[in-house]
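To be precise, the following lines are final.cif, and they hold mmCIF, C-alpha atoms.
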```cif
data_protein
loop_
_atom_site.label_atom_id
_atom_site.label_comp_id
_atom_site.auth_asym_id
_atom_site.auth_seq_id
_atom_site.Cartn_x
_atom_site.Cartn_y
_atom_site.Cartn_z
CA ALA A 1 0.00 0.00 0.00
CA GLN A 2 1.17 3.49 -0.71
CA SER A 3 1.91 6.15 1.90
CA VAL A 4 3.20 9.69 2.01
CA THR A 5 5.38 11.51 4.54
CA GLN A 6 5.72 15.25 4.82
CA LEU A 7 8.76 16.42 6.72
CA GLY A 8 8.02 19.35 9.00
CA SER A 9 4.55 20.19 10.24
CA HIS A 10 5.52 23.88 10.25
CA VAL A 11 7.92 25.70 7.95
CA SER A 12 8.78 29.40 8.21
CA VAL A 13 10.48 31.39 5.48
CA SER A 14 11.07 35.07 4.96
CA GLU A 15 9.19 36.92 2.26
CA GLY A 16 11.23 36.67 -0.93
CA ALA A 17 13.12 33.57 0.19
CA LEU A 18 13.01 30.10 -1.32
CA VAL A 19 10.14 27.86 -0.27
CA LEU A 20 10.91 24.14 0.05
CA LEU A 21 8.29 21.72 1.36
CA ARG A 22 9.36 18.09 1.51
CA CYS A 23 7.34 15.06 0.56
CA ASN A 24 8.42 11.44 0.35
CA TYR A 25 6.21 8.60 -0.77
CA SER A 26 6.16 4.87 -0.56
CA SER A 27 4.72 2.88 -3.41
CA SER A 28 5.45 -0.41 -5.11
CA VAL A 29 4.81 1.08 -8.55
CA PRO A 30 5.12 4.62 -9.92
CA PRO A 31 2.29 6.59 -8.40
CA TYR A 32 0.39 9.71 -9.26
CA LEU A 33 1.48 12.57 -6.98
CA PHE A 34 -0.23 15.79 -6.02
CA TRP A 35 0.25 18.92 -3.98
CA TYR A 36 -2.82 20.66 -2.60
CA VAL A 37 -3.08 23.98 -0.77
CA GLN A 38 -5.65 24.91 1.83
CA TYR A 39 -6.13 28.53 2.79
CA PRO A 40 -7.81 29.31 6.12
CA ASN A 41 -11.48 28.38 6.19
CA GLN A 42 -11.41 27.06 2.64
CA GLY A 43 -11.42 23.70 0.88
CA LEU A 44 -8.42 22.20 -0.87
CA GLN A 45 -7.12 23.48 -4.17
CA LEU A 46 -4.85 21.54 -6.50
CA LEU A 47 -1.45 23.20 -6.91
CA LEU A 48 0.12 20.71 -9.29
CA LYS A 49 0.23 17.06 -10.20
CA TYR A 50 2.56 14.44 -11.60
CA THR A 51 1.10 11.54 -13.53
CA THR A 52 3.53 10.59 -16.31
CA GLY A 53 6.05 12.31 -18.55
CA ALA A 54 8.19 15.26 -17.51
CA THR A 55 9.38 14.90 -13.94
CA LEU A 56 9.49 18.64 -13.26
CA VAL A 57 5.94 19.91 -13.07
CA LYS A 58 4.82 23.49 -12.78
CA GLY A 59 1.70 24.54 -10.98
CA ILE A 60 -0.23 27.62 -10.07
CA ASN A 61 1.11 30.62 -8.17
CA GLY A 62 4.72 29.97 -9.22
CA PHE A 63 5.06 26.61 -7.48
CA GLU A 64 6.79 23.62 -8.99
CA ALA A 65 7.74 20.12 -7.91
CA GLU A 66 10.11 17.47 -9.17
CA PHE A 67 9.38 13.76 -9.16
CA LYS A 68 12.54 11.87 -8.22
CA LYS A 69 11.95 8.16 -8.44
CA SER A 70 15.39 7.25 -7.04
CA GLU A 71 14.69 9.31 -3.93
CA THR A 72 10.93 8.57 -3.81
CA SER A 73 10.42 12.28 -3.37
CA PHE A 74 8.14 14.99 -4.71
CA HIS A 75 9.31 18.18 -3.01
CA LEU A 76 7.46 21.44 -3.60
CA THR A 77 9.41 24.63 -4.29
CA LYS A 78 8.87 28.28 -5.08
CA PRO A 79 11.79 30.61 -5.76
CA SER A 80 10.42 33.62 -3.91
CA ALA A 81 7.86 33.45 -1.13
CA HIS A 82 4.98 35.88 -0.95
CA MET A 83 2.84 36.69 2.04
CA SER A 84 -0.16 35.23 0.24
CA ASP A 85 1.55 31.82 0.19
CA ALA A 86 0.86 31.34 3.89
CA ALA A 87 -1.38 28.27 4.02
CA GLU A 88 -1.48 24.54 4.73
CA TYR A 89 0.07 22.34 2.05
CA PHE A 90 -0.75 18.67 1.56
CA CYS A 91 1.14 16.13 -0.48
CA ALA A 92 -0.95 13.23 -1.77
CA VAL A 93 -0.34 9.97 -3.58
CA THR A 94 -2.52 7.54 -5.47
CA LEU A 95 -2.27 4.61 -7.78
CA TRP A 96 -4.48 4.49 -10.83
CA GLY A 97 -7.99 3.55 -9.76
CA ASP A 98 -7.16 3.61 -6.06
CA LYS A 99 -8.00 6.07 -3.33
CA ILE A 100 -5.85 9.13 -2.67
CA ILE A 101 -3.74 9.16 0.49
CA PHE A 102 -2.86 12.53 2.03
CA GLY A 103 0.16 13.48 4.06
CA LYS A 104 -0.25 15.15 7.43
CA GLY A 105 0.28 18.57 5.96
CA THR A 106 2.82 21.36 6.35
CA ARG A 107 1.80 24.80 7.50
CA LEU A 108 3.82 27.45 5.71
CA HIS A 109 4.47 30.70 7.58
CA ILE A 110 5.82 33.73 5.73
CA LEU A 111 7.87 36.16 7.79
CA PRO A 112 7.85 39.83 6.76
CA SER B 1 -12.53 21.35 -13.24
CA ALA B 2 -15.68 20.45 -11.36
CA VAL B 3 -17.59 22.96 -9.26
CA ILE B 4 -18.69 21.45 -5.98
CA SER B 5 -21.15 23.10 -3.61
CA GLN B 6 -21.60 22.00 -0.03
CA LYS B 7 -24.29 22.94 2.45
CA PRO B 8 -24.18 23.93 5.23
CA SER B 9 -20.82 25.67 5.20
CA ARG B 10 -20.78 25.62 8.97
CA ASP B 11 -23.04 24.67 11.83
CA ILE B 12 -23.07 24.39 15.58
CA CYS B 13 -24.86 21.30 16.81
CA GLN B 14 -25.92 19.82 20.11
CA ARG B 15 -24.61 16.52 21.36
CA GLY B 16 -26.83 13.60 20.38
CA THR B 17 -28.34 15.23 17.31
CA SER B 18 -27.72 14.40 13.65
CA LEU B 19 -26.82 16.64 10.75
CA THR B 20 -26.97 16.01 7.03
CA ILE B 21 -24.46 17.62 4.71
CA GLN B 22 -25.33 18.05 1.06
CA CYS B 23 -22.93 17.99 -1.86
CA GLN B 24 -23.88 19.13 -5.36
CA VAL B 25 -21.60 18.80 -8.39
CA ASP B 26 -22.03 20.71 -11.63
CA SER B 27 -21.36 17.65 -13.78
CA GLN B 28 -22.08 13.94 -13.67
CA VAL B 29 -19.45 11.92 -11.84
CA THR B 30 -19.13 8.24 -11.10
CA MET B 31 -17.56 8.39 -7.68
CA MET B 32 -17.90 10.93 -4.91
CA PHE B 33 -15.79 10.88 -1.80
CA TRP B 34 -16.37 12.12 1.72
CA TYR B 35 -13.38 13.19 3.83
CA ARG B 36 -13.07 14.33 7.42
CA GLN B 37 -10.48 16.84 8.55
CA GLN B 38 -10.23 17.09 12.29
CA PRO B 39 -8.77 20.28 13.80
CA GLY B 40 -5.13 20.65 12.83
CA GLN B 41 -5.10 17.28 11.08
CA SER B 42 -4.88 15.93 7.57
CA LEU B 43 -7.73 14.50 5.54
CA THR B 44 -9.12 11.07 6.30
CA LEU B 45 -11.33 9.28 3.81
CA ILE B 46 -14.68 8.31 5.32
CA ALA B 47 -16.29 6.57 2.37
CA THR B 48 -16.67 6.37 -1.38
CA ALA B 49 -20.16 6.91 -2.74
CA ASN B 50 -21.16 5.36 -6.06
CA GLN B 51 -24.51 6.07 -7.63
CA GLY B 52 -26.90 3.16 -7.35
CA SER B 53 -24.91 1.15 -4.84
CA GLU B 54 -24.02 1.13 -1.18
CA ALA B 55 -21.21 3.39 -0.10
CA THR B 56 -17.86 1.79 0.65
CA TYR B 57 -16.58 2.75 4.10
CA GLU B 58 -12.99 2.95 5.24
CA SER B 59 -11.70 1.26 8.35
CA GLY B 60 -12.98 3.02 11.45
CA PHE B 61 -16.11 4.41 9.81
CA VAL B 62 -19.49 2.69 9.84
CA ILE B 63 -22.76 3.24 8.04
CA ASP B 64 -24.78 3.66 11.22
CA LYS B 65 -22.66 6.64 12.22
CA PHE B 66 -22.14 8.13 8.76
CA PRO B 67 -25.00 7.13 6.46
CA ILE B 68 -24.50 8.29 2.89
CA SER B 69 -26.95 8.71 0.05
CA ARG B 70 -26.15 8.95 -3.64
CA PRO B 71 -29.46 9.32 -5.47
CA ASN B 72 -27.98 10.49 -8.79
CA LEU B 73 -24.73 11.30 -10.56
CA THR B 74 -24.52 14.90 -9.32
CA PHE B 75 -25.61 14.74 -5.69
CA SER B 76 -24.71 13.06 -2.40
CA THR B 77 -25.40 13.52 1.28
CA LEU B 78 -23.45 12.57 4.37
CA THR B 79 -25.20 12.37 7.72
CA VAL B 80 -23.27 12.58 10.95
CA SER B 81 -25.45 10.73 13.45
CA ASN B 82 -25.71 10.99 17.21
CA MET B 83 -22.99 13.60 17.29
CA SER B 84 -20.47 14.05 20.06
CA PRO B 85 -17.78 16.74 20.49
CA GLU B 86 -15.29 14.32 18.89
CA ASP B 87 -17.20 14.73 15.62
CA SER B 88 -16.28 18.41 15.46
CA SER B 89 -14.47 18.56 12.13
CA ILE B 90 -14.51 19.85 8.63
CA TYR B 91 -16.30 17.42 6.32
CA LEU B 92 -15.29 17.65 2.67
CA CYS B 93 -16.96 16.31 -0.43
CA SER B 94 -14.79 15.57 -3.44
CA VAL B 95 -14.90 14.10 -6.93
CA LYS B 96 -12.17 12.51 -8.99
CA ARG B 97 -11.06 13.28 -12.52
CA GLU B 98 -10.89 9.84 -14.07
CA ASN B 99 -7.92 10.25 -16.41
CA THR B 100 -5.52 11.91 -13.99
CA GLY B 101 -6.84 10.85 -10.60
CA GLU B 102 -6.85 14.34 -9.14
CA LEU B 103 -9.53 15.30 -6.66
CA PHE B 104 -11.65 18.42 -6.67
CA PHE B 105 -13.02 19.55 -3.36
CA GLY B 106 -15.96 21.49 -2.08
CA GLU B 107 -15.41 24.30 0.39
CA GLY B 108 -16.16 21.97 3.26
CA SER B 109 -18.70 21.93 6.07
CA ARG B 110 -17.32 22.98 9.43
CA LEU B 111 -19.22 21.30 12.26
CA THR B 112 -18.87 22.19 15.91
CA VAL B 113 -20.57 19.88 18.39
CA LEU B 114 -21.23 21.24 21.86
#
```
Could you write out this file's structure as structure tokens?
Amino acid sequence: AQSVTQLGSHVSVSEGALVLLRCNYSSSVPPYLFWYVQYPNQGLQLLLKYTTGATLVKGINGFEAEFKKSETSFHLTKPSAHMSDAAEYFCAVTLWGDKIIFGKGTRLHILP
Amino acid sequence: SAVISQKPSRDICQRGTSLTIQCQVDSQVTMMFWYRQQPGQSLTLIATANQGSEATYESGFVIDKFPISRPNLTFSTLTVSNMSPEDSSIYLCSVKRENTGELFFGEGSRLTVL
């Protein structure tokens, strides 16, 4: 069965600094991978996804993530943090036709 | 992307009562999913609702506590029965895009049980 681990329940970065949120997965076969964002008092919004093809995927709001099979990782990055990026971020994994499993989430804090 | 509407968006309920959450999708979908997000926690899948069949519940969730209806391809309800303060959570409805597996979520229903 697949699983996903997010390192760091809270991450703080200064405005303008690099954002790096870590996600590692466990799966017996190549999975589909997702990053979702949840702003306060809102539902989840898809940031980006990896299914097949190019391992570097770009999403909304300047975020991107790279699928590294050898490291079983799918870390989320953004070159320059903005105050509006403060939110909860969830990494998720699924196999085709199976249910989606979510990580525990990482709350991103942006320091002025 | 699918547009998903949930009602109520929030409610405060008394212990022992039941509340039904409605989920409306703007397109026909095969599977709908109900998730629970407890305060400060990640999402936990409660059940998968297919039209015309019984919902499939995940370990730790039972039909008597969380009955689900799926009368057609655009609508589902989740009832939280005999509520206790431990049921205070956000309940989220979602649908899946078949070719990529991504989920689309409603805004969620925030329940507080006193």
Would you give me, as a Markdown table, each residue of chain B having an atom within 12 Å of an atom of chain A, along with its shortest atom pair and that distance in Å to one decimal, using all atoms listed in the file and sorting by chain and residue number?
```
| residue | atom | partner | partner_atom | distance |
| --- | --- | --- | --- | --- |
| B:Ser1 | CA | A:Leu46 | CA | 10.2 |
| B:Ala2 | CA | A:Gln45 | CA | 11.6 |
| B:Val3 | CA | A:Gln45 | CA | 11.7 |
| B:Ile4 | CA | A:Gly43 | CA | 10.2 |
| B:Ser5 | CA | A:Gly43 | CA | 10.7 |
| B:Gln6 | CA | A:Gly43 | CA | 10.4 |
| B:Ser9 | CA | A:Asn41 | CA | 9.8 |
| B:Arg10 | CA | A:Asn41 | CA | 10.1 |
| B:Met31 | CA | A:Lys99 | CA | 10.8 |
| B:Met32 | CA | A:Lys99 | CA | 11.1 |
| B:Phe33 | CA | A:Lys99 | CA | 9.3 |
| B:Trp34 | CA | A:Lys99 | CA | 11.5 |
| B:Tyr35 | CA | A:Phe102 | CA | 10.7 |
| B:Arg36 | CA | A:Gly43 | CA | 11.5 |
| B:Gln37 | CA | A:Gly43 | CA | 10.3 |
| B:Gln38 | CA | A:Lys104 | CA | 11.3 |
| B:Pro39 | CA | A:Asn41 | CA | 11.4 |
| B:Gly40 | CA | A:Gly105 | CA | 9.0 |
| B:Gln41 | CA | A:Lys104 | CA | 6.4 |
| B:Ser42 | CA | A:Lys104 | CA | 4.7 |
| B:Leu43 | CA | A:Phe102 | CA | 6.3 |
| B:Thr44 | CA | A:Phe102 | CA | 7.7 |
| B:Leu45 | CA | A:Ile101 | CA | 8.3 |
| B:Ile46 | CA | A:Lys99 | CA | 11.2 |
| B:Ala47 | CA | A:Lys99 | CA | 10.1 |
| B:Thr48 | CA | A:Lys99 | CA | 8.9 |
| B:Thr56 | CA | A:Lys99 | CA | 11.5 |
| B:Tyr57 | CA | A:Lys99 | CA | 11.8 |
| B:Glu58 | CA | A:Lys99 | CA | 10.4 |
| B:Ser89 | CA | A:Asn41 | CA | 11.9 |
| B:Ile90 | CA | A:Gly43 | CA | 9.2 |
| B:Tyr91 | CA | A:Gly43 | CA | 9.6 |
| B:Leu92 | CA | A:Gly43 | CA | 7.4 |
| B:Cys93 | CA | A:Gly43 | CA | 9.3 |
| B:Ser94 | CA | A:Leu44 | CA | 9.5 |
| B:Val95 | CA | A:Ile100 | CA | 11.2 |
| B:Lys96 | CA | A:Lys99 | CA | 9.5 |
| B:Arg97 | CA | A:Gly97 | CA | 10.6 |
| B:Glu98 | CA | A:Gly97 | CA | 8.2 |
| B:Asn99 | CA | A:Trp96 | CA | 8.7 |
| B:Thr100 | CA | A:Thr51 | CA | 6.6 |
| B:Gly101 | CA | A:Trp96 | CA | 6.8 |
| B:Glu102 | CA | A:Phe34 | CA | 7.5 |
| B:Leu103 | CA | A:Leu46 | CA | 7.8 |
| B:Phe104 | CA | A:Gln45 | CA | 7.2 |
| B:Phe105 | CA | A:Leu44 | CA | 5.9 |
| B:Gly106 | CA | A:Gly43 | CA | 5.9 |
| B:Glu107 | CA | A:Gly43 | CA | 4.1 |
| B:Gly108 | CA | A:Gly43 | CA | 5.6 |
| B:Ser109 | CA | A:Gly43 | CA | 9.1 |
| B:Arg110 | CA | A:Asn41 | CA | 8.6 |
```
* Asked: Which protein, DNA or RNA residues are at most 12 Å from (-25.6, 4.4, 11.4) in the file's coordinates when you count only C-alpha atoms, listed as a VMD selection string?
  -> chain B and resid 18 57 61 to 68 78 to 83
* Spatial neighbours of Glu15 (chain A), max dist 6 Å, all atoms listed in the file, sep filter under 2 positions, as a ChimeraX atom specification -> /A:17,81-82,110-112
* Shortest interatomic distance to Ala1 (chain A) - which of A:Ser80, A:Ser27, A:Thr55, A:Ser14, counting all atoms listed in the file ->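 The shortest atom-to-atom distance to Ala1 (chain A) comes from A:Ser27.
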* Identify, on the basis of only C-alpha atoms, every residue whose closest approach to Leu114 (chain B) does not exceed 7 Å; exclude the query and any residue fewer than 6 positions from it along the same chain; express the result as a list in words. =>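 These residues fall inside the cut-off: Cys13, Gln14, Arg15 and Pro85 of chain B.
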* Interatomic distance (Å, one decimal) between CA of Leu7 (chain A) and CA of Cys23 (chain A) -> 6.5 Å
